[in-house]
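Printed here is upload.cif (mmCIF, C-alpha atoms):
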```
data_final
#
loop_
_atom_site.label_atom_id
_atom_site.label_comp_id
_atom_site.auth_asym_id
_atom_site.auth_seq_id
_atom_site.Cartn_x
_atom_site.Cartn_y
_atom_site.Cartn_z
CA MET W 1 216.65 103.22 95.81
CA LYS W 2 214.34 103.43 98.79
CA SER W 3 211.69 100.74 99.10
CA SER W 4 209.65 102.57 101.77
CA LEU W 5 208.91 106.08 102.90
CA PRO W 6 209.79 107.37 106.38
CA THR W 7 206.97 107.75 108.88
CA ASN W 8 205.33 111.14 108.76
CA PRO W 9 206.08 112.80 112.12
CA LEU W 10 202.95 114.94 111.74
CA ALA W 11 200.60 111.98 111.24
CA PRO W 12 198.01 111.63 114.04
CA LYS W 13 198.86 109.07 116.70
CA GLY W 14 196.54 106.79 118.61
CA PRO W 15 193.45 104.80 117.58
CA HIS W 16 192.06 105.52 114.13
CA ARG W 17 188.80 107.40 113.82
CA ARG W 18 186.87 108.08 110.60
CA HIS W 19 185.85 111.61 111.61
CA PRO W 20 187.13 113.92 114.38
CA LYS W 21 183.69 114.00 116.01
CA MET W 22 183.33 110.22 116.08
CA LEU W 23 184.73 107.65 118.48
CA PRO W 24 188.03 105.98 117.59
CA ASP W 25 187.67 102.47 116.23
CA GLY W 26 187.20 99.93 119.04
CA ALA W 27 186.50 102.63 121.62
CA ARG W 28 183.39 100.98 123.03
CA GLU W 29 185.15 97.70 123.76
CA ARG W 30 188.17 99.42 125.29
CA LEU W 31 185.99 101.62 127.49
CA LEU W 32 183.96 98.64 128.71
CA GLU W 33 187.22 96.91 129.66
CA THR W 34 188.38 100.02 131.51
CA VAL W 35 185.38 101.15 133.57
CA ASN W 36 184.77 99.41 136.90
CA ALA W 37 181.16 100.12 137.85
CA ALA W 38 178.00 98.55 136.43
CA ARG W 39 176.58 102.08 136.17
CA ASP W 40 179.47 103.15 133.97
CA ARG W 41 179.08 100.09 131.74
CA LEU W 42 175.43 101.09 131.37
CA VAL W 43 176.45 104.61 130.35
CA VAL W 44 178.89 103.39 127.68
CA THR W 45 176.41 100.84 126.32
CA TRP W 46 173.38 103.15 126.29
CA LEU W 47 175.28 105.97 124.61
CA ALA W 48 176.68 103.55 122.00
CA ASP W 49 173.50 101.58 121.24
CA GLY W 50 170.90 104.28 121.87
CA GLY W 51 172.46 107.38 120.37
CA LEU W 52 171.29 109.32 123.44
CA ARG W 53 172.46 112.78 124.36
CA ILE W 54 174.10 112.89 127.80
CA GLY W 55 171.33 115.18 129.11
CA GLU W 56 168.73 112.65 127.91
CA LEU W 57 170.52 109.75 129.57
CA CYS W 58 171.11 111.48 132.89
CA GLY W 59 167.53 112.80 132.84
CA LEU W 60 165.89 109.38 132.56
CA HIS W 61 163.55 108.18 135.30
CA LEU W 62 162.88 104.52 135.99
CA VAL W 63 159.26 104.95 134.84
CA ASP W 64 160.54 106.05 131.41
CA LEU W 65 161.98 102.60 130.75
CA HIS W 66 159.75 100.02 129.07
CA LEU W 67 162.32 97.27 128.70
CA ARG W 68 160.06 94.40 127.70
CA GLU W 69 158.00 93.64 124.65
CA ASN W 70 154.39 94.87 124.43
CA ALA W 71 154.74 97.37 127.27
CA ALA W 72 151.61 98.91 128.75
CA CYS W 73 152.07 102.25 126.98
CA GLY W 74 151.09 100.56 123.71
CA GLU W 75 153.31 102.88 121.67
CA CYS W 76 156.08 100.46 120.68
CA ARG W 77 155.96 96.68 120.67
CA ALA W 78 159.73 96.28 121.11
CA PRO W 79 161.61 97.19 124.33
CA HIS W 80 162.07 100.95 124.39
CA LEU W 81 162.39 104.09 126.50
CA HIS W 82 160.69 107.46 126.56
CA VAL W 83 162.86 110.57 126.57
CA CYS W 84 160.83 113.18 128.45
CA HIS W 85 161.71 116.85 128.85
CA ARG W 86 161.74 117.57 132.61
CA PRO W 87 163.24 120.99 133.42
CA GLY W 88 162.91 120.35 137.16
CA ASN W 89 165.22 117.35 137.53
CA PRO W 90 167.31 117.64 140.73
CA ASN W 91 170.54 116.91 138.82
CA ARG W 92 169.68 119.60 136.24
CA ALA W 93 169.78 117.04 133.44
CA GLU W 94 167.39 118.13 130.74
CA ALA W 95 166.37 116.47 127.49
CA LYS W 96 166.72 118.74 124.48
CA THR W 97 163.66 117.23 122.79
CA LYS W 98 160.38 118.70 124.04
CA ARG W 99 157.77 116.36 122.62
CA PRO W 100 154.57 116.15 124.70
CA TRP W 101 154.42 113.38 127.30
CA ARG W 102 152.42 112.43 130.35
CA VAL W 103 152.15 109.89 133.15
CA GLU W 104 148.80 108.22 133.67
CA HIS W 105 148.29 105.42 136.21
CA GLY W 106 152.06 105.23 136.57
CA ILE W 107 152.62 104.66 132.83
CA VAL W 108 154.61 107.12 130.71
CA THR W 109 153.40 107.85 127.20
CA GLY W 110 154.70 110.24 124.59
CA GLY W 111 158.06 111.94 124.57
CA LEU W 112 160.78 110.75 122.20
CA ILE W 113 160.52 106.97 121.90
CA LYS W 114 163.79 105.13 121.35
CA ARG W 115 164.19 101.39 120.93
CA VAL W 116 166.76 99.66 123.14
CA SER W 117 169.16 96.84 122.40
CA PRO W 118 169.49 93.56 124.35
CA ALA W 119 172.85 94.83 125.61
CA MET W 120 171.15 97.93 127.01
CA VAL W 121 168.62 95.76 128.84
CA HIS W 122 171.39 93.55 130.21
CA THR W 123 173.45 96.43 131.58
CA TYR W 124 170.33 97.94 133.14
CA PHE W 125 169.54 94.80 135.15
CA GLU W 126 173.19 94.38 136.13
CA TYR W 127 173.20 97.93 137.47
CA VAL W 128 169.86 97.97 139.31
CA THR W 129 170.49 94.59 140.96
CA THR W 130 174.01 95.38 142.16
CA GLU W 131 174.44 99.13 142.65
CA TYR W 132 171.12 100.96 142.60
CA PRO W 133 170.15 102.08 146.14
CA ARG W 134 167.00 100.72 147.70
CA GLY W 135 164.40 103.29 148.60
CA ALA W 136 165.73 106.03 146.33
CA GLY W 137 162.85 108.47 146.45
CA HIS W 138 163.86 110.55 143.44
CA GLY W 139 163.18 107.74 140.95
CA MET W 140 165.97 108.73 138.56
CA LEU W 141 168.03 106.11 136.74
CA LEU W 142 171.63 107.23 137.26
CA VAL W 143 172.96 107.87 140.77
CA GLN W 144 176.21 108.79 142.43
CA LEU W 145 178.04 105.75 143.79
CA ARG W 146 180.39 107.28 146.33
CA GLY W 147 180.94 110.29 148.53
CA ALA W 148 178.60 112.32 150.69
CA ASP W 149 175.91 112.35 147.98
CA THR W 150 175.86 108.60 147.37
CA GLY W 151 172.48 107.57 145.99
CA GLN W 152 171.58 111.04 144.75
CA PRO W 153 170.93 111.72 141.03
CA TRP W 154 174.11 111.82 138.96
CA ALA W 155 174.64 115.03 137.03
CA PRO W 156 175.79 115.12 133.38
CA VAL W 157 179.07 116.74 134.44
CA GLY W 158 179.86 113.63 136.47
CA ALA W 159 179.14 111.35 133.52
CA ARG W 160 181.32 113.50 131.26
CA ARG W 161 184.14 113.38 133.79
CA MET W 162 183.88 109.60 134.09
CA LEU W 163 184.05 109.12 130.32
CA GLY W 164 186.96 111.53 129.97
CA GLN W 165 188.97 109.75 132.64
CA ALA W 166 188.10 106.29 131.29
CA GLY W 167 189.14 107.37 127.80
CA LYS W 168 192.54 108.49 129.02
CA ARG W 169 193.08 105.22 130.93
CA ALA W 170 192.11 103.27 127.81
CA GLY W 171 194.58 105.21 125.66
CA LEU W 172 191.82 106.89 123.66
CA GLY W 173 192.32 110.44 124.83
CA VAL W 174 189.40 112.43 126.21
CA VAL W 175 186.16 110.73 125.18
CA LYS W 176 183.16 113.05 124.89
CA PRO W 177 179.56 111.78 125.16
CA HIS W 178 178.48 113.37 121.88
CA ALA W 179 181.03 111.29 119.97
CA PHE W 180 178.86 108.24 120.67
CA ARG W 181 175.96 110.01 118.96
CA HIS W 182 177.92 110.76 115.83
CA SER W 183 179.22 107.18 115.66
CA PHE W 184 175.72 105.78 116.23
CA THR W 185 174.22 107.92 113.47
CA SER W 186 176.99 106.98 111.05
CA ALA W 187 176.46 103.29 111.80
CA VAL W 188 172.70 103.58 111.28
CA LEU W 189 173.25 105.37 107.97
CA ASP W 190 175.55 102.56 106.83
CA ALA W 191 173.07 99.89 107.93
CA ALA W 192 170.11 101.68 106.31
CA ASP W 193 171.89 102.27 102.98
CA GLY W 194 172.04 106.01 103.55
CA ASN W 195 168.39 106.50 104.54
CA LEU W 196 168.51 109.90 106.23
CA LEU W 197 165.02 109.57 107.71
CA ILE W 198 165.84 106.34 109.51
CA ALA W 199 169.07 107.85 110.84
CA ARG W 200 167.21 110.98 111.91
CA ASP W 201 164.55 109.13 113.86
CA ALA W 202 166.88 106.50 115.31
CA GLY W 203 168.99 109.25 116.83
CA GLY W 204 166.23 111.75 117.55
CA TRP W 205 167.95 114.41 115.48
CA ALA W 206 166.16 117.64 114.54
CA SER W 207 165.41 118.07 110.84
CA ALA W 208 164.39 120.84 108.45
CA ALA W 209 160.76 121.87 108.73
CA MET W 210 160.13 120.99 105.08
CA VAL W 211 161.44 117.44 105.56
CA ASP W 212 159.23 116.97 108.58
CA GLU W 213 156.22 118.34 106.71
CA VAL W 214 156.71 116.20 103.60
CA TYR W 215 158.00 112.95 105.04
CA GLY W 216 156.95 112.87 108.71
CA HIS W 217 158.59 110.34 111.04
CA VAL W 218 159.73 106.80 110.39
CA ASP W 219 157.46 104.18 111.94
CA VAL W 220 159.34 102.47 114.81
CA HIS W 221 157.59 99.27 113.73
CA ASP W 222 158.97 99.53 110.17
CA PRO W 223 160.98 96.33 109.51
CA VAL W 224 163.66 98.31 107.68
CA PHE W 225 164.05 100.57 110.72
CA GLY W 226 164.32 97.55 113.02
CA ALA W 227 166.72 95.74 110.72
CA ALA W 228 169.04 98.75 110.63
CA LEU W 229 169.14 98.92 114.42
CA ARG W 230 169.76 95.19 114.77
CA THR W 231 172.66 95.51 112.37
CA VAL W 232 174.13 98.36 114.42
CA TRP W 233 173.67 96.32 117.60
CA GLY W 234 175.45 93.33 116.06
CA GLU W 235 172.42 91.05 116.07
CA THR W 236 171.58 88.53 113.40
CA LYS W 237 168.58 89.35 111.22
#
```
Have the structure of the file written as C-alpha cells, please.
Amino acid sequence: MKSSLPTNPLAPKGPHRRHPKMLPDGARERLLETVNAARDRLVVTWLADGGLRIGELCGLHLVDLHLRENAACGECRAPHLHVCHRPGNPNRAEAKTKRPWRVEHGIVTGGLIKRVSPAMVHTYFEYVTTEYPRGAGHGMLLVQLRGADTGQPWAPVGARRMLGQAGKRAGLGVVKPHAFRHSFTSAVLDAADGNLLIARDAGGWASAAMVDEVYGHVDVHDPVFGAALRTVWGETK
C-alpha cells in the first residue's frame, strides 16, 4: 500500500503565488537582494508599498514628493506624494489618473494623493544622495544611470526591463510592474477586513460611478485607513 502520492509533473514550479496576477510569495525581498542600484531598490519599494502604476512612478517629479509630516500643501498630514497627469513628460511617462492639480509658489496641490511608507522615504534619500545627478534640469525623479543618456528621465520601458531581468535572476520569472499593484491591493483588503473603499483609495483604482456618487472617497486622515496601510507596511500600530 502506498503511503504517498507521486509528484504531479504538471504542477506549477517556482515560488508560490496566490493569484496569477500577483507577485510570488517573498518576491519583494528576493528582488531587493538581487538589484544593485539604489534607484532600483526605490522602484521595488515604491511599487510594493505605494501600489503605484509604472507610468505614475516614472512620471513623478521631485516637487510632487512631500515626504515629511505637515507638508506645505496642507492636504495630508502624513508623508505623501501627488500623482499628477503630465502628458508632456520627456520620458513619455503618463499618469492614468487625471485629477486636477496645480503648482503655486513651487508647491504642488491636488492630483491623486498617496501616503508613503517609511521604507519609501528611506529608499528615496538613499537614491538622491548617492545616484541622482546634480543640476538635473528636468526635475523628474527617476533617471538613467548609465550610457549616453545618463541623467536623463528614465522611461517606463526601462523600468519594466529592469524588473523583468531582476525577476529572472532572482528565480521568480518575469516580474511585471502591475503585479505589485495587485499584491498591494490584496494586502490592503486583508488589513482592512475587506473594505473595498479603503482598498480602492489606497491604490487609486477607478470605481463605478454609483459607488463614487454614494460613498465618495475615503479620508486619508481616517485612522482605519492609516492602520490598514501601516499593517501592509509591516509597522506596529
Do you know which residues the PyMOL selection byres ((chain W and resi 179) around 12) returns on this file, as a compact mmCIF listing (two decimals) with C-alpha atoms, in the frame of the given file?
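Everything below was put into selection.txt:
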```txt
# COMPACT_ATOMS: atom_id res chain seq x y z
CA ARG W 17 188.80 107.40 113.82
CA ARG W 18 186.87 108.08 110.60
CA HIS W 19 185.85 111.61 111.61
CA PRO W 20 187.13 113.92 114.38
CA LYS W 21 183.69 114.00 116.01
CA MET W 22 183.33 110.22 116.08
CA LEU W 23 184.73 107.65 118.48
CA PRO W 24 188.03 105.98 117.59
CA ASP W 25 187.67 102.47 116.23
CA ALA W 27 186.50 102.63 121.62
CA ARG W 28 183.39 100.98 123.03
CA VAL W 44 178.89 103.39 127.68
CA LEU W 47 175.28 105.97 124.61
CA ALA W 48 176.68 103.55 122.00
CA GLY W 51 172.46 107.38 120.37
CA LEU W 52 171.29 109.32 123.44
CA ARG W 53 172.46 112.78 124.36
CA ILE W 54 174.10 112.89 127.80
CA ARG W 160 181.32 113.50 131.26
CA LEU W 163 184.05 109.12 130.32
CA GLY W 164 186.96 111.53 129.97
CA GLY W 167 189.14 107.37 127.80
CA VAL W 174 189.40 112.43 126.21
CA VAL W 175 186.16 110.73 125.18
CA LYS W 176 183.16 113.05 124.89
CA PRO W 177 179.56 111.78 125.16
CA HIS W 178 178.48 113.37 121.88
CA PHE W 180 178.86 108.24 120.67
CA ARG W 181 175.96 110.01 118.96
CA HIS W 182 177.92 110.76 115.83
CA SER W 183 179.22 107.18 115.66
CA PHE W 184 175.72 105.78 116.23
CA THR W 185 174.22 107.92 113.47
CA SER W 186 176.99 106.98 111.05
```
Just want the 9 Å neighbourhood of Asn89 in chain W, counted on all atoms listed in the file, with same-chain residues fewer than 6 positions away dropped. Output as JSON, numbers by chain. {"W": [59, 140, 153]}
Result set of the PyMOL selection byres ((chain W and resi 112) around 8) on the coordinates above, as a VMD selection string: chain W and resid 82 to 84 97 99 110 to 111 113 to 114 204
Just the number, please: distance in Å from CA of Val143 in chain W to CA of Lys168 in chain W, one decimal. 22.8 Å
When you count all atoms listed in the file, which of these residues is closest to Ala78 in chain W: W:Gly151, W:Pro118, W:Gly55, W:Gly50? W:Pro118
Counting all atoms listed in the file, the option among W:Val121, W:Leu62, W:Ile107, W:Val157 closest to Ala136 in chain W: W:Leu62
Just to confirm, what's the straight-line distance from CA of Ala192 in chain W to CA of Ala227 in chain W in Å (one decimal)? 8.1 Å
With distances taken over all atoms listed in the file, the candidate from W:Arg68, W:Ala159, W:Ala95, W:Gly147 nearest Val43 in chain W is W:Ala159
Proximity to Ala119 in chain W - best of W:Leu57, W:Glu69, W:Arg169, W:Pro79, only C-alpha atoms: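 Nearest to Ala119 in chain W: W:Pro79.
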Distance query Val103 in chain W at most 10 Å, all atoms listed in the file, self and fewer than 3 positions along chain excluded, as a list in words: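 What passes the distance filter is Val63, Asp64, Cys73, Gly106, Ile107, Val108, Thr109 and Gly110 of chain W.
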Once the PyMOL selection byres ((chain W and resi 233) around 10) has been applied to the shown file, what residues remain in the selection, as a list of chain:residue names?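 That selection, the PyMOL selection byres ((chain W and resi 233) around 10), comes back as W:Ala48, W:Asp49, W:Gly50, W:Val116, W:Ser117, W:Pro118, W:Ala119, W:Met120, W:Phe184, W:Ala187, W:Val188, W:Ala227, W:Ala228, W:Leu229, W:Arg230, W:Thr231, W:Val232, W:Gly234, W:Glu235, W:Thr236.
With all atoms listed in the file as the atoms that count, the minimum distance from Trp101 in chain W to the choices W:His66, W:Gly74, W:Arg86, W:His61 is reached by W:Arg86.
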How many Å separate CA of Ala38 in chain W from CA of Arg115 in chain W?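 If I compute the distance from CA of Ala38 in chain W to CA of Arg115 in chain W, I get 21.0 Å.
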Let me make sure I understand: among W:Leu60, W:Leu189, W:Ala72, W:Leu81, which one has the smallest atom-to-atom distance to Glu104 in chain W if we use all atoms listed in the file?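 Smallest separation from Glu104 in chain W among the options: W:Ala72.
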At a cut-off of 10 Å, using only C-alpha atoms, what residues contact range 124-126 of chain W? Leave out same-chain residues fewer than 2 positions from it and give the result as a list of chain:residue names.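 So, after excluding close chain neighbours, the residues are W:Ala37, W:Ala38, W:Arg39, W:Arg41, W:Leu42, W:Val43, W:Thr45, W:Trp46, W:Leu65, W:Leu67, W:Pro118, W:Ala119, W:Met120, W:Val121, W:His122, W:Val128, W:Thr129, W:Thr130, W:Glu131, W:Tyr132, W:Leu141.
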